[in-house]
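Data block for run_37.pdb (PDB, C-alpha atoms and all ligand atoms):
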ATOM      1  CA  MET U   1     -14.948 -27.069   7.699  1.00  0.00           C
ATOM      2  CA  THR U   2     -13.284 -29.680   5.503  1.00  0.00           C
ATOM      3  CA  ASP U   3     -10.713 -32.034   6.984  1.00  0.00           C
ATOM      4  CA  THR U   4      -8.097 -31.554   4.311  1.00  0.00           C
ATOM      5  CA  LEU U   5      -7.109 -28.549   2.273  1.00  0.00           C
ATOM      6  CA  HIS U   6      -5.248 -28.098  -0.962  1.00  0.00           C
ATOM      7  CA  LEU U   7      -2.474 -25.549  -0.687  1.00  0.00           C
ATOM      8  CA  VAL U   8      -0.189 -24.413  -3.477  1.00  0.00           C
ATOM      9  CA  CYS U   9       3.449 -24.038  -2.461  1.00  0.00           C
ATOM     10  CA  PRO U  10       4.704 -20.455  -2.895  1.00  0.00           C
ATOM     11  CA  HIS U  11       8.193 -21.751  -3.792  1.00  0.00           C
ATOM     12  CA  CYS U  12       7.703 -24.623  -6.254  1.00  0.00           C
ATOM     13  CA  ASP U  13       3.947 -24.326  -7.071  1.00  0.00           C
ATOM     14  CA  ALA U  14       3.314 -27.942  -6.006  1.00  0.00           C
ATOM     15  CA  VAL U  15      -0.206 -28.672  -4.751  1.00  0.00           C
ATOM     16  CA  ASN U  16      -0.046 -29.959  -1.180  1.00  0.00           C
ATOM     17  CA  ARG U  17      -2.851 -31.776   0.588  1.00  0.00           C
ATOM     18  CA  LEU U  18      -2.862 -30.823   4.221  1.00  0.00           C
ATOM     19  CA  PRO U  19      -5.073 -31.684   7.215  1.00  0.00           C
ATOM     20  CA  ALA U  20      -6.868 -28.457   8.147  1.00  0.00           C
ATOM     21  CA  ALA U  21      -5.778 -28.973  11.755  1.00  0.00           C
ATOM     22  CA  ARG U  22      -2.135 -28.622  10.690  1.00  0.00           C
ATOM     23  CA  LEU U  23      -2.542 -25.169   9.142  1.00  0.00           C
ATOM     24  CA  ASP U  24      -1.224 -23.454  12.241  1.00  0.00           C
ATOM     25  CA  ASP U  25       1.803 -25.741  12.639  1.00  0.00           C
ATOM     26  CA  ASN U  26       4.051 -23.974  10.124  1.00  0.00           C
ATOM     27  CA  PRO U  27       3.443 -26.651   7.480  1.00  0.00           C
ATOM     28  CA  THR U  28       6.098 -27.366   4.867  1.00  0.00           C
ATOM     29  CA  CYS U  29       5.838 -28.406   1.240  1.00  0.00           C
ATOM     30  CA  GLY U  30       5.946 -32.151   0.550  1.00  0.00           C
ATOM     31  CA  GLN U  31       7.926 -31.513  -2.599  1.00  0.00           C
ATOM     32  CA  CYS U  32      10.506 -28.794  -1.852  1.00  0.00           C
ATOM     33  CA  ARG U  33      10.363 -28.941   1.987  1.00  0.00           C
ATOM     34  CA  GLN U  34      10.093 -25.161   2.292  1.00  0.00           C
ATOM     35  CA  ALA U  35       7.485 -23.350   4.374  1.00  0.00           C
ATOM     36  CA  LEU U  36       4.005 -23.165   2.852  1.00  0.00           C
ATOM     37  CA  PHE U  37       3.479 -19.835   4.597  1.00  0.00           C
ATOM     38  CA  THR U  38       6.220 -17.241   4.455  1.00  0.00           C
ATOM     39  CA  GLY U  39       4.476 -14.255   6.043  1.00  0.00           C
ATOM     40  CA  ALA U  40       5.004 -12.288   2.856  1.00  0.00           C
ATOM     41  CA  PRO U  41       2.939 -11.643  -0.269  1.00  0.00           C
ATOM     42  CA  LEU U  42       3.611 -13.988  -3.156  1.00  0.00           C
ATOM     43  CA  ASP U  43       4.413 -12.641  -6.636  1.00  0.00           C
ATOM     44  CA  LEU U  44       2.114 -14.140  -9.235  1.00  0.00           C
ATOM     45  CA  THR U  45       2.800 -14.187 -12.951  1.00  0.00           C
ATOM     46  CA  GLU U  46       1.100 -15.482 -16.073  1.00  0.00           C
ATOM     47  CA  ALA U  47       2.999 -18.744 -15.432  1.00  0.00           C
ATOM     48  CA  ASN U  48       1.689 -19.547 -11.950  1.00  0.00           C
ATOM     49  CA  PHE U  49      -1.442 -17.387 -11.531  1.00  0.00           C
ATOM     50  CA  ASP U  50      -4.055 -19.973 -12.558  1.00  0.00           C
ATOM     51  CA  ARG U  51      -2.511 -22.662 -10.407  1.00  0.00           C
ATOM     52  CA  HIS U  52      -2.531 -20.515  -7.275  1.00  0.00           C
ATOM     53  CA  ILE U  53      -6.002 -19.091  -7.890  1.00  0.00           C
ATOM     54  CA  GLY U  54      -7.545 -22.366  -9.025  1.00  0.00           C
ATOM     55  CA  ARG U  55      -5.955 -24.943  -6.740  1.00  0.00           C
ATOM     56  CA  ASN U  56      -5.586 -23.111  -3.414  1.00  0.00           C
ATOM     57  CA  GLU U  57      -8.503 -23.838  -1.125  1.00  0.00           C
ATOM     58  CA  LEU U  58      -7.686 -20.756   0.914  1.00  0.00           C
ATOM     59  CA  PRO U  59      -8.929 -17.346  -0.177  1.00  0.00           C
ATOM     60  CA  VAL U  60      -6.280 -15.575  -2.281  1.00  0.00           C
ATOM     61  CA  VAL U  61      -6.153 -11.783  -2.033  1.00  0.00           C
ATOM     62  CA  VAL U  62      -4.455 -10.225  -5.053  1.00  0.00           C
ATOM     63  CA  ASP U  63      -2.978  -6.734  -5.177  1.00  0.00           C
ATOM     64  CA  PHE U  64      -2.818  -5.556  -8.804  1.00  0.00           C
ATOM     65  CA  TRP U  65      -0.117  -2.891  -8.711  1.00  0.00           C
ATOM     66  CA  ALA U  66       2.688  -1.306 -10.736  1.00  0.00           C
ATOM     67  CA  PRO U  67       6.179  -0.074  -9.832  1.00  0.00           C
ATOM     68  CA  TRP U  68       5.438   3.448 -11.129  1.00  0.00           C
ATOM     69  CA  CYS U  69       2.282   3.841  -9.003  1.00  0.00           C
ATOM     70  CA  GLY U  70       2.925   5.919  -5.866  1.00  0.00           C
ATOM     71  CA  PRO U  71      -0.189   4.833  -3.945  1.00  0.00           C
ATOM     72  CA  CYS U  72       0.673   1.184  -4.730  1.00  0.00           C
ATOM     73  CA  ARG U  73       4.171   1.554  -3.321  1.00  0.00           C
ATOM     74  CA  ALA U  74       2.769   3.391  -0.298  1.00  0.00           C
ATOM     75  CA  MET U  75       0.366   0.525   0.382  1.00  0.00           C
ATOM     76  CA  ALA U  76       3.008  -2.237   0.041  1.00  0.00           C
ATOM     77  CA  PRO U  77       4.032  -2.265   3.745  1.00  0.00           C
ATOM     78  CA  ALA U  78       0.365  -2.466   4.838  1.00  0.00           C
ATOM     79  CA  PHE U  79      -0.209  -5.322   2.411  1.00  0.00           C
ATOM     80  CA  ALA U  80       2.880  -7.175   3.687  1.00  0.00           C
ATOM     81  CA  GLN U  81       1.787  -6.627   7.285  1.00  0.00           C
ATOM     82  CA  THR U  82      -1.665  -8.007   6.460  1.00  0.00           C
ATOM     83  CA  ALA U  83      -0.037 -11.113   4.940  1.00  0.00           C
ATOM     84  CA  ARG U  84       1.833 -11.719   8.194  1.00  0.00           C
ATOM     85  CA  GLU U  85      -1.322 -11.219  10.247  1.00  0.00           C
ATOM     86  CA  LEU U  86      -3.842 -13.172   8.155  1.00  0.00           C
ATOM     87  CA  GLU U  87      -1.814 -16.228   7.172  1.00  0.00           C
ATOM     88  CA  PRO U  88      -2.707 -19.078   7.260  1.00  0.00           C
ATOM     89  CA  ALA U  89      -6.362 -17.976   6.932  1.00  0.00           C
ATOM     90  CA  ALA U  90      -5.679 -16.409   3.542  1.00  0.00           C
ATOM     91  CA  ARG U  91      -2.920 -16.177   0.970  1.00  0.00           C
ATOM     92  CA  LEU U  92      -1.859 -12.688  -0.119  1.00  0.00           C
ATOM     93  CA  ALA U  93      -0.372 -12.199  -3.566  1.00  0.00           C
ATOM     94  CA  LYS U  94       0.726  -9.447  -5.903  1.00  0.00           C
ATOM     95  CA  VAL U  95       0.490  -9.032  -9.658  1.00  0.00           C
ATOM     96  CA  ASP U  96       2.759  -6.432 -11.259  1.00  0.00           C
ATOM     97  CA  THR U  97       0.461  -5.113 -13.995  1.00  0.00           C
ATOM     98  CA  GLU U  98       3.444  -3.586 -15.796  1.00  0.00           C
ATOM     99  CA  SER U  99       5.232  -6.896 -16.388  1.00  0.00           C
ATOM    100  CA  GLN U 100       2.034  -9.019 -16.420  1.00  0.00           C
ATOM    101  CA  GLN U 101      -0.079  -7.043 -18.868  1.00  0.00           C
ATOM    102  CA  GLN U 102      -2.028 -10.079 -20.019  1.00  0.00           C
ATOM    103  CA  LEU U 103      -3.284 -10.685 -16.487  1.00  0.00           C
ATOM    104  CA  ALA U 104      -4.180  -7.009 -16.096  1.00  0.00           C
ATOM    105  CA  ALA U 105      -6.151  -7.165 -19.352  1.00  0.00           C
ATOM    106  CA  ARG U 106      -7.819 -10.444 -18.469  1.00  0.00           C
ATOM    107  CA  PHE U 107      -9.096  -9.039 -15.181  1.00  0.00           C
ATOM    108  CA  ASN U 108      -9.936  -5.710 -16.735  1.00  0.00           C
ATOM    109  CA  ILE U 109      -7.789  -3.733 -14.299  1.00  0.00           C
ATOM    110  CA  ARG U 110      -8.495  -0.066 -15.055  1.00  0.00           C
ATOM    111  CA  SER U 111      -6.986   1.644 -12.047  1.00  0.00           C
ATOM    112  CA  ILE U 112      -4.343   0.623  -9.566  1.00  0.00           C
ATOM    113  CA  PRO U 113      -4.034  -0.439  -6.946  1.00  0.00           C
ATOM    114  CA  THR U 114      -6.974  -2.790  -7.381  1.00  0.00           C
ATOM    115  CA  LEU U 115      -7.487  -5.541  -4.829  1.00  0.00           C
ATOM    116  CA  ALA U 116      -9.418  -8.696  -5.618  1.00  0.00           C
ATOM    117  CA  ILE U 117     -10.306 -11.695  -3.483  1.00  0.00           C
ATOM    118  CA  PHE U 118     -10.478 -15.097  -5.146  1.00  0.00           C
ATOM    119  CA  LYS U 119     -12.056 -18.134  -3.538  1.00  0.00           C
ATOM    120  CA  GLY U 120     -12.399 -21.511  -5.207  1.00  0.00           C
ATOM    121  CA  GLY U 121     -11.000 -20.032  -8.418  1.00  0.00           C
ATOM    122  CA  ARG U 122     -13.605 -17.274  -8.591  1.00  0.00           C
ATOM    123  CA  GLU U 123     -13.372 -13.590  -7.908  1.00  0.00           C
ATOM    124  CA  ILE U 124     -15.702 -12.822  -5.010  1.00  0.00           C
ATOM    125  CA  ALA U 125     -14.804  -9.210  -4.241  1.00  0.00           C
ATOM    126  CA  ARG U 126     -12.922  -6.311  -5.745  1.00  0.00           C
ATOM    127  CA  GLN U 127     -11.989  -2.848  -4.593  1.00  0.00           C
ATOM    128  CA  SER U 128      -9.900  -0.119  -6.175  1.00  0.00           C
ATOM    129  CA  GLY U 129      -7.780   2.363  -4.286  1.00  0.00           C
ATOM    130  CA  ALA U 130      -5.177   2.049  -1.571  1.00  0.00           C
ATOM    131  CA  MET U 131      -6.205   0.845   1.896  1.00  0.00           C
ATOM    132  CA  ASP U 132      -4.404   0.996   5.216  1.00  0.00           C
ATOM    133  CA  ALA U 133      -3.676  -2.259   7.036  1.00  0.00           C
ATOM    134  CA  GLY U 134      -6.717  -2.049   9.322  1.00  0.00           C
ATOM    135  CA  THR U 135      -9.160  -1.329   6.505  1.00  0.00           C
ATOM    136  CA  LEU U 136      -7.604  -3.999   4.328  1.00  0.00           C
ATOM    137  CA  LYS U 137      -7.888  -6.628   7.040  1.00  0.00           C
ATOM    138  CA  ARG U 138     -11.504  -5.742   7.769  1.00  0.00           C
ATOM    139  CA  TRP U 139     -12.363  -5.829   4.059  1.00  0.00           C
ATOM    140  CA  ILE U 140     -10.770  -9.254   3.635  1.00  0.00           C
ATOM    141  CA  LYS U 141     -12.490 -10.642   6.739  1.00  0.00           C
ATOM    142  CA  THR U 142     -15.863  -9.429   5.476  1.00  0.00           C
ATOM    143  CA  HIS U 143     -15.493 -11.695   2.451  1.00  0.00           C
ATOM    144  CA  CYS U 144     -13.540 -14.701   3.723  1.00  0.00           C
TER     145      CYS U 144
HETATM  146 ZN    ZN U 201       7.275 -26.492  -2.613  1.00  0.00          ZN
END
Would you encode the structure as structure tokens?
Ligand SMILES: [Zn+2]
Amino acid sequence: MTDTLHLVCPHCDAVNRLPAARLDDNPTCGQCRQALFTGAPLDLTEANFDRHIGRNELPVVVDFWAPWCGPCRAMAPAFAQTARELEPAARLAKVDTESQQQLAARFNIRSIPTLAIFKGGREIARQSGAMDAGTLKRWIKTHC
């Protein structure tokens, strides 16, 4: 395990350098002073996606969804619950494929929901279809 970690702030997108030992101490952002972990999925857009995927040294689990997709909406509470349970071991994020069509095209999202895990800027796992909280957590832990 490395001694320091880079973490991207979910509020101001600043890259924070944090001792790994402080991960569990509710760390705050050096720039905006807000909590680096909010217990809720983070909305990613074309504007901040690359920064969060590329600079976070934690695994980032992305839910590609859309507001009109029933199974996506049904899975949202399970995804939020998983964010609360897995932070600070992983960052959970959402991409609205309706408003972020360029990201959906770039990652070749053909069905939703599609979940993808990114680590070190690379996609390391992907699965389509809704999952319940238990399945989702197990799937993430298998890869992180
Ligand atoms: Zn910040």
Chain U near ligand ZN 201 (chain U) within 12 Å: what's each residue's closest atom pair and its distance in Å to one decimal, counting all atoms listed in the file, ordered by chain then ascending residue number, as a Markdown table?
| residue | atom | partner | partner_atom | distance |
| --- | --- | --- | --- | --- |
| U:Leu7 | CA | U:ZN201 | ZN | 10.0 |
| U:Val8 | CA | U:ZN201 | ZN | 7.8 |
| U:Cys9 | CA | U:ZN201 | ZN | 4.5 |
| U:Pro10 | CA | U:ZN201 | ZN | 6.6 |
| U:His11 | CA | U:ZN201 | ZN | 5.0 |
| U:Cys12 | CA | U:ZN201 | ZN | 4.1 |
| U:Asp13 | CA | U:ZN201 | ZN | 6.0 |
| U:Ala14 | CA | U:ZN201 | ZN | 5.4 |
| U:Val15 | CA | U:ZN201 | ZN | 8.1 |
| U:Asn16 | CA | U:ZN201 | ZN | 8.2 |
| U:Arg17 | CA | U:ZN201 | ZN | 11.9 |
| U:Pro27 | CA | U:ZN201 | ZN | 10.8 |
| U:Thr28 | CA | U:ZN201 | ZN | 7.6 |
| U:Cys29 | CA | U:ZN201 | ZN | 4.5 |
| U:Gly30 | CA | U:ZN201 | ZN | 6.6 |
| U:Gln31 | CA | U:ZN201 | ZN | 5.1 |
| U:Cys32 | CA | U:ZN201 | ZN | 4.0 |
| U:Arg33 | CA | U:ZN201 | ZN | 6.1 |
| U:Gln34 | CA | U:ZN201 | ZN | 5.8 |
| U:Ala35 | CA | U:ZN201 | ZN | 7.7 |
| U:Leu36 | CA | U:ZN201 | ZN | 7.2 |
| U:Phe37 | CA | U:ZN201 | ZN | 10.5 |
| U:Thr38 | CA | U:ZN201 | ZN | 11.7 |
Report, as JSON, the axis-aligned box around all atoms of region 11-20 of chain U present in the file, extended by 4 Å on each side; give centre and edge lengths in Å to one decimal place.
{"center_x": 0.7, "center_y": -26.8, "center_z": 0.5, "size_x": 23.1, "size_y": 18.0, "size_z": 23.2}
Would you mind telling me which residue in U:Ala130, U:Leu5, U:Ile53, U:Cys144 lies nearest to Cys69 (chain U) when using all atoms listed in the file?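 Nearest candidate to Cys69 (chain U) out of U:Ala130, U:Leu5, U:Ile53, U:Cys144: U:Ala130.
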On this file, the PyMOL selection byres (((chain U and resi 80) around 12) and not hetatm) gives some set of residues; write that set as a ChimeraX atom specification. /U:38-43,61-63,73-79,81-87,91-94,132-133,136-137
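Across the structure, CA of His6 (chain U) and CA of Phe118 (chain U) are spaced 14.6 Å apart.
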Work out how far apart CA of Gly129 (chain U) and CA of Arg55 (chain U) are and give it in Å to one decimal.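 Interatomic distance, CA of Gly129 (chain U) to CA of Arg55 (chain U): 27.5 Å.
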Counting only C-alpha atoms, figure out which residue out of U:Lys141, U:Arg51, U:Arg126, U:Arg22 gets nearest to Ser111 (chain U). U:Arg126
Using all atoms listed in the file, which protein or nucleic acid residues come within 9 Å of Gly121 (chain U)? Drop anything in the same chain fewer than 6 positions from it, and give the result as JSON, numbers by chain. {"U": [50, 52, 53, 54, 55, 56, 57, 59, 60]}
